[in-house]
Every structure is written in C-alpha cells, then in structure tokens.
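Okay, so here's the structure we're looking at.
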Amino acid sequence: VDGRAPVAFAPLSRFWRTADGWVRTHANYPHHRQRLLSALRAGEAAGEREVEAAMAERTAVEVEEAVYAAGGLAVAVRTFEEWARHPQAVAVAGRPLVEHERLDTARARVLTALPAEGTPLLPAAGLRVLDLSRVIAGPVATRTLSLLGADVLRVDPPGLPELPDQHTDTGFGKRSATLDLTVDRRAFEELLATADVVVTGYRPGALDRFGLGAEALVERRPGLVVAQLSAWGAYGPWGGRRGFDSLVQAATGIAVAEGTPQRPGALPAQVLDHGSGHLLAAAVLRALTEQSDDGCGRVVRVALARTARWLTEEVAADTGTAGDEYAGAGPWLAERDSRLGRLRYARSAVGFDGGPADWARPPGPWGADAACWA
C-alpha cells in the first residue's frame with residue numbers, strides 16, 4: 001500500500017514457550033488481546049516480556065483452556081500424531097472436505113438477469129451475494145465470486161473493529177457497508193429478500209441469536225444458498241470455538257512440520273484460509289447449479305481444520321520433487337490506484353479462457369458504502 005508492507009500480526013500474536021512446550025496465540029483484535037491478558041492475569045498494559053513470564057509458568061494445554069474460557073484465542077502446538085489422537089481431529093476426519101445439505105424450502109425458478117450483449121458471460125453474473133464474513137477465508141470466497149461476476153456486498157457490525165490492511169487485501173471487487181442489526185433490521189431484511197447467497201464466517205452458532213442461522217435464513221428467503229466457514233467445524237468438542245488459520249496450523253501439526261518440536265514455524269501464507277475460501281466459492285457455484293434445477297435452498301460448509309487434514313494428506317502422498325519451472329511472482333502481480341492508495345497485489349488464482357484477469361473494482365474504505373445492492 002503506497003510502497004509499504006502490510007501489517008500482518010500484532011506483537012502478542014505469536015508462538016510462546018510454555019513449561020512443557022509451545023502455544024500459538026492470536027491477539028490482532030483489541031478484544032482478543034484483552035481476553036488473553038485477562039486469562040494470564042496480566043495487566044492491560046502488559047507486553048511481550050510479561051506474557052513470556054506468564055506462559056513459562058503454565059503447560060501448553062493449561063494456557064489453551066484458560067484463554068479459551070476467557071473468550072480469547074490460544075492453541076497448544078501439537079505434532080501430527082498428537083493431533084490425530086485429539087477428539088476434535090477424530091470428529092474432523094469423519095466429515096467430508098465440503099459439507100453439502102439440501103433444505104426443503106424452495107422458490108419458483110427465477111432466471112438470472114444476464115449482462116448486456118457483448119459483455120463476457122461469467123459464472124456468477126447477476127448473482128447477489130451478502131457477505132457476513134470476516135478476516136480471510138470467507139472474504140476470499142466472496143472476493144472470488146465477485147471476480148466471477150457477482151454483486152458482493154460485505155456487511156459488518158459498526159462496533160466490531162477490522163484490520164485495515166486485511167480488509168484491503170480481501171476487498172477487491174466488493175462494496176463494504178455497516179449495519180447494526182438491533183437498529184437497522186429492516187434494511188438487512190430488504191437485502192436478504194433479493195439475495196441469492198449469504199456467506200457467514202463467524203464461529204458456529206454465533207449468529208443464531210440474530211436469526212442468521214442457515215435454516216432461519218432459508219425460511220425467510222426460500223431457495224437461498226448459505227455458505228458457512230468455521231475454524232474447527234460445527235461439531236466435536238471444539239465445534240463452538242473461535243479460531244484462525246495460524247491457530248489451526250499450530251494444533252494440527254503443520255507448525256511442527258514447518259519448524260521442529262523445539263521451535264515451531266508457520267507456512268509462508270495463510271494457506272488454510274485461502275484454500276478454504278476457494279473451496280467455499282466452488283461449493284457455492286455447485287449449489288447454485290443444483291438449486292437452479294429444483295429451487296431448493298442449500299447449505300455448504302467448509303472448516304479450516306478439515307482443509308488442513310486434506311492438505312497434509314496430499315503432501316504426505318506426494319513423493320515427487322518440485323521442478324525448476326517456477327518463473328517468479330511477476331506474472332501474478334498487478335498494481336492499481338484506489339481510494340486506499342496505490343496497491344501492489346496478487347491476482348486471483350482463479351482463471352479460465354476468456355475469463356477476467358483482474359477484479360472489476362479495487363477495494364475501498366471499510367464500511368464506506370451504502371447498504372444496498374448495486
């Protein structure tokens with residue numbers, strides 16, 4: 001952004017040595033930082049030195065459970081073998097990579113309005129996607145759908161902070177608005193009444209109290225496709241827990257594979273987020289294809305932990321070696337001006353003959369657009 005590197009992780013979002021191993025924390029958001037410090041009985045002004053001292057007095061699992069109980073985010077670093085024995089890993093292993101559910105509520109078939117003559121026909125042309133996701137995976141899914149022609153409107157609560165660089169990276173092709181559902185409920189219901197897809201990325205059950213669970217949404221909007229993204233899945237002992245890509249890497253053995261048990265590491269990108277986002281976008285397109293036949297609503301679900309299992313299985317099965325055909329990142333990079341500054345960014349990984357090479361619009365400021373369809 002204007003020549004500077006983006007801010008990725010806050011100082012308290014990192015690996016920490018404990019009395020018996022390591023934990024990974026996520027404290028990029030102010031409320032998560034406060035909950036972490038509260039669980040460790042550290043003061044609000046505590047820094048890395050104080051957190052290091054508090055971690056050293058506890059085991060990794062003790063930190064994991066204490067921080068979770070306080071509403072924060074910390075996960076013990078495990079090996080592949082240790083994770084495989086965990087009850088959540090067992091629950092994840094029994095689920096498909098992409099979950100797909102057909103609901104009974106249906107609406108009459110409606111032909112999607114096609115673009116003007118001479119405009120390339122894209123897979124998601126004419127679709128309206130209501131984006132209720134945050135951070136990376138969900139926004140990557142909706143960013144991909146916008147590339148493919150959908151009208152994507154991201155809606156956030158006004159009081160929940162967002163990381164500016166993160167929003168910039170995932171905001172291509174979309175508009176961004178804020179809505180307080182306790183005040184602007186009618187505005188949301190008007191958006192929902194003509195939406196084709198709703199994408200959610202909050203922890204399982206978190207939106208139910210607002211009437212935004214999959215069944216409730218489809219009941220009010222028959223034929224809707226609801227796409228849900230979670231960290232650990234909506235099942236098993238961790239089904240209701242918060243999580244992020246970096247934490248799933250730590251729990252599932254990836255952090256040890258990228259480093260050692262004595263010094264864990266991380267993948268050079270949030271691969272679980274991006275992989276899950278693209279899987280979710282593909283699942284939405286498949287669900288829409290099926291919905292066009294019978295009019296029934298669908299729910300599709302993807303979990304970062306299940307994507308991690310798929311990724312590590314694929315790596316384990318690949319016994320070949322990488323070739324030297326890599327020609328550098330140049331062809332994948334682009335630059336353009338935006339209201340946020342001059343952006344240098346990676347093009348979408350999605351492409352096909354005759355398809356778009358870039359998004360139709362750059363990202364804009366968070367929450368700056370009207371809560372209405374284009």
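All residue names refer to the structure tokens as shown: chains lettered A, B, ... in order, residues numbered from 1 in each chain, ligands numbered from 1 in order.
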
Residues at most 8 Å from segment 244-247 of chain A, counting only C-alpha atoms, excluding those fewer than 3 positions away in the same chain, as a VMD selection string?
chain A and resid 24 to 26 74 to 75 231 250 to 251 266 270 to 273 304

Given the selection you just returned, output its residues as a file containing N, CA and C atoms, formatted as a PDB file, in the first residue's frame.
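Saved to selection.pdb:
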ATOM      1  N   ARG A  24       0.391 -21.130  20.460  1.00  0.00           N
ATOM      2  CA  ARG A  24       0.263 -20.028  19.488  1.00  0.00           C
ATOM      3  C   ARG A  24      -0.951 -19.211  19.894  1.00  0.00           C
ATOM      4  N   THR A  25      -0.794 -17.901  19.952  1.00  0.00           N
ATOM      5  CA  THR A  25      -1.899 -17.021  20.320  1.00  0.00           C
ATOM      6  C   THR A  25      -2.288 -16.149  19.137  1.00  0.00           C
ATOM      7  N   HIS A  26      -3.503 -15.632  19.211  1.00  0.00           N
ATOM      8  CA  HIS A  26      -3.981 -14.676  18.215  1.00  0.00           C
ATOM      9  C   HIS A  26      -4.601 -13.516  18.971  1.00  0.00           C
ATOM     10  N   ALA A  74      -5.896 -19.132  22.017  1.00  0.00           N
ATOM     11  CA  ALA A  74      -4.580 -19.725  22.205  1.00  0.00           C
ATOM     12  C   ALA A  74      -4.723 -21.225  21.995  1.00  0.00           C
ATOM     13  N   VAL A  75      -3.758 -21.821  21.306  1.00  0.00           N
ATOM     14  CA  VAL A  75      -3.814 -23.241  20.997  1.00  0.00           C
ATOM     15  C   VAL A  75      -2.456 -23.862  21.269  1.00  0.00           C
ATOM     16  N   ALA A 231     -13.549 -22.415  11.837  1.00  0.00           N
ATOM     17  CA  ALA A 231     -12.170 -22.857  12.046  1.00  0.00           C
ATOM     18  C   ALA A 231     -12.098 -24.361  12.274  1.00  0.00           C
ATOM     19  N   ALA A 250      -1.125 -24.534  14.145  1.00  0.00           N
ATOM     20  CA  ALA A 250      -0.441 -24.941  15.370  1.00  0.00           C
ATOM     21  C   ALA A 250      -1.023 -26.219  15.941  1.00  0.00           C
ATOM     22  N   ALA A 251      -2.339 -26.345  15.936  1.00  0.00           N
ATOM     23  CA  ALA A 251      -2.990 -27.501  16.550  1.00  0.00           C
ATOM     24  C   ALA A 251      -2.815 -28.761  15.738  1.00  0.00           C
ATOM     25  N   ALA A 266       5.761 -21.563  10.694  1.00  0.00           N
ATOM     26  CA  ALA A 266       4.470 -21.291  10.060  1.00  0.00           C
ATOM     27  C   ALA A 266       4.624 -21.323   8.555  1.00  0.00           C
ATOM     28  N   GLN A 270      -1.274 -17.712   4.609  1.00  0.00           N
ATOM     29  CA  GLN A 270      -2.404 -18.320   5.311  1.00  0.00           C
ATOM     30  C   GLN A 270      -3.098 -19.296   4.351  1.00  0.00           C
ATOM     31  N   VAL A 271      -2.446 -20.408   4.116  1.00  0.00           N
ATOM     32  CA  VAL A 271      -2.887 -21.358   3.093  1.00  0.00           C
ATOM     33  C   VAL A 271      -4.235 -21.982   3.439  1.00  0.00           C
ATOM     34  N   LEU A 272      -4.486 -22.234   4.714  1.00  0.00           N
ATOM     35  CA  LEU A 272      -5.758 -22.824   5.103  1.00  0.00           C
ATOM     36  C   LEU A 272      -6.902 -21.855   4.822  1.00  0.00           C
ATOM     37  N   ASP A 273      -6.677 -20.583   5.082  1.00  0.00           N
ATOM     38  CA  ASP A 273      -7.679 -19.560   4.778  1.00  0.00           C
ATOM     39  C   ASP A 273      -7.960 -19.489   3.280  1.00  0.00           C
ATOM     40  N   LEU A 304     -11.572 -24.901   8.397  1.00  0.00           N
ATOM     41  CA  LEU A 304     -10.120 -24.809   8.219  1.00  0.00           C
ATOM     42  C   LEU A 304      -9.431 -26.093   8.676  1.00  0.00           C
TER      43      LEU A 304
END

Running DSSP on the backbone, which parts of segment 33-280 of chain A land in strand (DSSP E or B), as an MDAnalysis selection string?
chainID A and resid 74:76 99:106 128:132 151:156 175:178 197:200 225:230 260 263

Interface rows for segment 277-360 of chain A against segment 210-225 of chain A: nearest pair, Å to one decimal, 9 Å, only C-alpha atoms, as a Markdown table:
| residue | atom | partner | partner_atom | distance |
| --- | --- | --- | --- | --- |
| A:Val284 | CA | A:Val225 | CA | 7.1 |
| A:Ala287 | CA | A:Val225 | CA | 6.9 |
| A:Leu288 | CA | A:Val225 | CA | 6.9 |
| A:Gln291 | CA | A:Gly223 | CA | 7.0 |
| A:Asp294 | CA | A:Gly223 | CA | 8.9 |
| A:Gly295 | CA | A:Gly223 | CA | 5.4 |
| A:Cys296 | CA | A:Gly223 | CA | 4.7 |
| A:Gly297 | CA | A:Gly223 | CA | 3.8 |
| A:Arg298 | CA | A:Val225 | CA | 4.7 |
| A:Val299 | CA | A:Val225 | CA | 5.8 |
| A:Val300 | CA | A:Val225 | CA | 7.7 |

Running DSSP on the backbone, which parts of segment 191-287 of chain A land in alpha helix (DSSP H), as an MDAnalysis selection string?
chainID A and resid 191:193 214:220 245:252 254:258 271:287

Excluding Gly265 of chain A and any residue of its chain fewer than 6 positions from it, enumerate the residues within 7 Å of it, using only C-alpha atoms, and give them as a list in words.
Ala255, Val256, Glu258 and Gly259 of chain A

Just N, CA, C and O atoms for this one: save the residues we selected as a short mmCIF file (atom, residue, chain, number, x, y, z; two decimals), in the first residue's frame.
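Just written: again-v3.cif:
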data_model
loop_
_atom_site.label_atom_id
_atom_site.label_comp_id
_atom_site.auth_asym_id
_atom_site.auth_seq_id
_atom_site.Cartn_x
_atom_site.Cartn_y
_atom_site.Cartn_z
N ALA A 255 2.56 -26.56 12.19
CA ALA A 255 3.59 -25.68 12.75
C ALA A 255 4.86 -26.46 13.07
O ALA A 255 5.97 -25.96 12.87
N VAL A 256 4.70 -27.69 13.57
CA VAL A 256 5.88 -28.52 13.85
C VAL A 256 6.55 -28.93 12.55
O VAL A 256 7.79 -28.94 12.43
N GLU A 258 6.61 -27.30 9.81
CA GLU A 258 7.28 -26.12 9.24
C GLU A 258 8.48 -25.69 10.06
O GLU A 258 9.25 -24.84 9.63
N GLY A 259 8.63 -26.25 11.23
CA GLY A 259 9.79 -25.99 12.08
C GLY A 259 10.24 -27.29 12.71
O GLY A 259 10.49 -28.27 12.02
#

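Shortest atom-to-atom contact with Cys372 of chain A among A:Gly253, A:Pro237, A:Arg128, A:Leu280: A:Arg128, counting only C-alpha atoms.
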
Hey, what's within 10 Å of segment 67-70 of chain A if we count only C-alpha atoms and toss same-chain stuff fewer than 2 positions away? As a ChimeraX atom specification, please?
/A:25,32,34-40,61-65,72-75,241-242

Writer output for current selection, all heavy atoms, as a compact mmCIF listing (two decimals), in the first residue's frame:
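Saved the output as again19.txt:
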# COMPACT_ATOMS: atom_id res chain seq x y z
N THR A 25 -0.79 -17.90 19.95
CA THR A 25 -1.90 -17.02 20.32
C THR A 25 -2.29 -16.15 19.14
O THR A 25 -1.52 -15.96 18.19
CB THR A 25 -1.51 -16.10 21.49
OG1 THR A 25 -0.33 -15.36 21.13
CG2 THR A 25 -1.23 -16.91 22.75
N HIS A 32 -9.61 -9.49 21.70
CA HIS A 32 -8.89 -10.74 21.89
C HIS A 32 -7.62 -10.51 22.71
O HIS A 32 -7.23 -11.37 23.52
CB HIS A 32 -8.55 -11.37 20.55
CG HIS A 32 -9.76 -11.88 19.82
ND1 HIS A 32 -9.80 -12.03 18.45
CD2 HIS A 32 -10.98 -12.26 20.28
CE1 HIS A 32 -10.99 -12.49 18.10
NE2 HIS A 32 -11.72 -12.64 19.19
N GLN A 34 -7.23 -8.24 25.04
CA GLN A 34 -7.66 -8.02 26.42
C GLN A 34 -8.01 -9.34 27.10
O GLN A 34 -7.66 -9.58 28.26
CB GLN A 34 -8.86 -7.07 26.44
CG GLN A 34 -9.30 -6.62 27.81
CD GLN A 34 -10.23 -7.62 28.49
OE1 GLN A 34 -11.02 -8.27 27.83
NE2 GLN A 34 -10.13 -7.71 29.82
N ARG A 35 -8.67 -10.25 26.38
CA ARG A 35 -9.06 -11.54 26.95
C ARG A 35 -7.84 -12.43 27.20
O ARG A 35 -7.80 -13.17 28.19
CB ARG A 35 -10.06 -12.23 26.04
CG ARG A 35 -11.39 -11.51 25.95
CD ARG A 35 -12.25 -12.06 24.82
NE ARG A 35 -13.46 -11.27 24.64
CZ ARG A 35 -14.32 -11.44 23.63
NH1 ARG A 35 -14.07 -12.37 22.72
NH2 ARG A 35 -15.39 -10.69 23.55
N LEU A 36 -6.85 -12.35 26.34
CA LEU A 36 -5.61 -13.11 26.54
C LEU A 36 -4.92 -12.66 27.82
O LEU A 36 -4.53 -13.48 28.66
CB LEU A 36 -4.69 -12.92 25.34
CG LEU A 36 -3.26 -13.46 25.49
CD1 LEU A 36 -3.26 -14.98 25.63
CD2 LEU A 36 -2.39 -13.02 24.31
N LEU A 37 -4.77 -11.35 27.97
CA LEU A 37 -4.09 -10.82 29.15
C LEU A 37 -4.88 -11.12 30.42
O LEU A 37 -4.30 -11.40 31.47
CB LEU A 37 -3.89 -9.31 29.00
CG LEU A 37 -2.95 -8.89 27.86
CD1 LEU A 37 -2.90 -7.37 27.75
CD2 LEU A 37 -1.55 -9.46 28.08
N SER A 38 -6.20 -11.10 30.32
CA SER A 38 -7.04 -11.42 31.48
C SER A 38 -6.84 -12.87 31.90
O SER A 38 -6.71 -13.17 33.10
CB SER A 38 -8.51 -11.16 31.15
OG SER A 38 -9.36 -11.58 32.20
N ALA A 39 -6.79 -13.78 30.94
CA ALA A 39 -6.61 -15.19 31.25
C ALA A 39 -5.25 -15.46 31.90
O ALA A 39 -5.13 -16.36 32.75
CB ALA A 39 -6.75 -16.02 29.98
N LEU A 40 -4.26 -14.68 31.52
CA LEU A 40 -2.91 -14.85 32.06
C LEU A 40 -2.70 -14.04 33.34
O LEU A 40 -1.60 -14.04 33.90
CB LEU A 40 -1.87 -14.43 31.01
CG LEU A 40 -1.85 -15.25 29.73
CD1 LEU A 40 -0.84 -14.67 28.75
CD2 LEU A 40 -1.54 -16.72 30.01
N VAL A 61 -1.39 -26.88 27.43
CA VAL A 61 -2.83 -27.17 27.50
C VAL A 61 -3.50 -26.30 28.55
O VAL A 61 -4.65 -25.87 28.36
CB VAL A 61 -3.07 -28.67 27.77
CG1 VAL A 61 -4.55 -28.94 28.04
CG2 VAL A 61 -2.60 -29.49 26.57
N GLU A 62 -2.82 -26.02 29.65
CA GLU A 62 -3.39 -25.11 30.66
C GLU A 62 -3.63 -23.73 30.06
O GLU A 62 -4.68 -23.12 30.30
CB GLU A 62 -2.45 -25.01 31.85
CG GLU A 62 -2.46 -26.23 32.75
CD GLU A 62 -1.40 -26.16 33.84
OE1 GLU A 62 -0.51 -25.28 33.77
OE2 GLU A 62 -1.47 -26.99 34.76
N VAL A 63 -2.68 -23.23 29.28
CA VAL A 63 -2.87 -21.93 28.62
C VAL A 63 -4.03 -22.02 27.63
O VAL A 63 -4.90 -21.13 27.59
CB VAL A 63 -1.58 -21.50 27.89
CG1 VAL A 63 -1.84 -20.25 27.06
CG2 VAL A 63 -0.46 -21.25 28.89
N GLU A 64 -4.06 -23.07 26.84
CA GLU A 64 -5.12 -23.26 25.84
C GLU A 64 -6.50 -23.17 26.50
O GLU A 64 -7.39 -22.45 26.01
CB GLU A 64 -4.92 -24.61 25.17
CG GLU A 64 -5.93 -24.97 24.11
CD GLU A 64 -5.62 -26.34 23.51
OE1 GLU A 64 -6.03 -27.37 24.11
OE2 GLU A 64 -4.95 -26.38 22.47
N GLU A 65 -6.69 -23.91 27.58
CA GLU A 65 -8.00 -23.95 28.21
C GLU A 65 -8.34 -22.66 28.95
O GLU A 65 -9.48 -22.20 28.91
CB GLU A 65 -8.07 -25.14 29.18
CG GLU A 65 -8.05 -26.49 28.47
CD GLU A 65 -9.19 -26.63 27.48
OE1 GLU A 65 -10.32 -26.21 27.78
OE2 GLU A 65 -8.93 -27.15 26.37
N GLY A 72 -10.70 -15.84 24.73
CA GLY A 72 -9.56 -15.48 23.89
C GLY A 72 -9.15 -16.61 22.99
O GLY A 72 -9.86 -17.61 22.83
N LEU A 73 -7.96 -16.48 22.39
CA LEU A 73 -7.50 -17.45 21.40
C LEU A 73 -6.07 -17.87 21.66
O LEU A 73 -5.14 -17.06 21.54
CB LEU A 73 -7.62 -16.86 19.99
CG LEU A 73 -9.07 -16.61 19.56
CD1 LEU A 73 -9.25 -15.16 19.16
CD2 LEU A 73 -9.45 -17.51 18.42
N ALA A 74 -5.90 -19.13 22.02
CA ALA A 74 -4.58 -19.73 22.20
C ALA A 74 -4.72 -21.23 22.00
O ALA A 74 -5.70 -21.82 22.44
CB ALA A 74 -4.03 -19.44 23.60
N VAL A 75 -3.76 -21.82 21.31
CA VAL A 75 -3.81 -23.24 21.00
C VAL A 75 -2.46 -23.86 21.27
O VAL A 75 -1.41 -23.30 20.89
CB VAL A 75 -4.23 -23.47 19.52
CG1 VAL A 75 -4.02 -24.93 19.13
CG2 VAL A 75 -5.68 -23.09 19.31
N ARG A 241 -15.74 -23.31 19.18
CA ARG A 241 -14.58 -22.46 19.50
C ARG A 241 -14.22 -21.51 18.36
O ARG A 241 -14.38 -21.83 17.20
CB ARG A 241 -13.37 -23.33 19.83
CG ARG A 241 -13.51 -24.11 21.11
CD ARG A 241 -12.17 -24.56 21.66
NE ARG A 241 -12.33 -25.24 22.95
CZ ARG A 241 -11.33 -25.54 23.77
NH1 ARG A 241 -10.09 -25.23 23.42
NH2 ARG A 241 -11.57 -26.14 24.91
N ARG A 242 -13.68 -20.38 18.78
CA ARG A 242 -13.12 -19.44 17.82
C ARG A 242 -11.80 -20.00 17.28
O ARG A 242 -11.17 -20.83 17.93
CB ARG A 242 -12.86 -18.08 18.48
CG ARG A 242 -14.09 -17.42 19.05
CD ARG A 242 -13.70 -16.20 19.88
NE ARG A 242 -14.88 -15.51 20.40
CZ ARG A 242 -15.50 -15.84 21.52
NH1 ARG A 242 -15.05 -16.84 22.27
NH2 ARG A 242 -16.57 -15.16 21.92

Check the smallest atom-to-atom distance from each of A:Gly173, A:Pro123, A:Pro87, A:Gly138 to Val152 of chain A using only C-alpha atoms, then report the winner.
A:Gly173

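Of the listed residues A:Glu99, A:Asp369, A:Glu162, A:Glu44, the one whose atoms come nearest to Val302 of chain A is A:Glu99, with distances taken using only C-alpha atoms.
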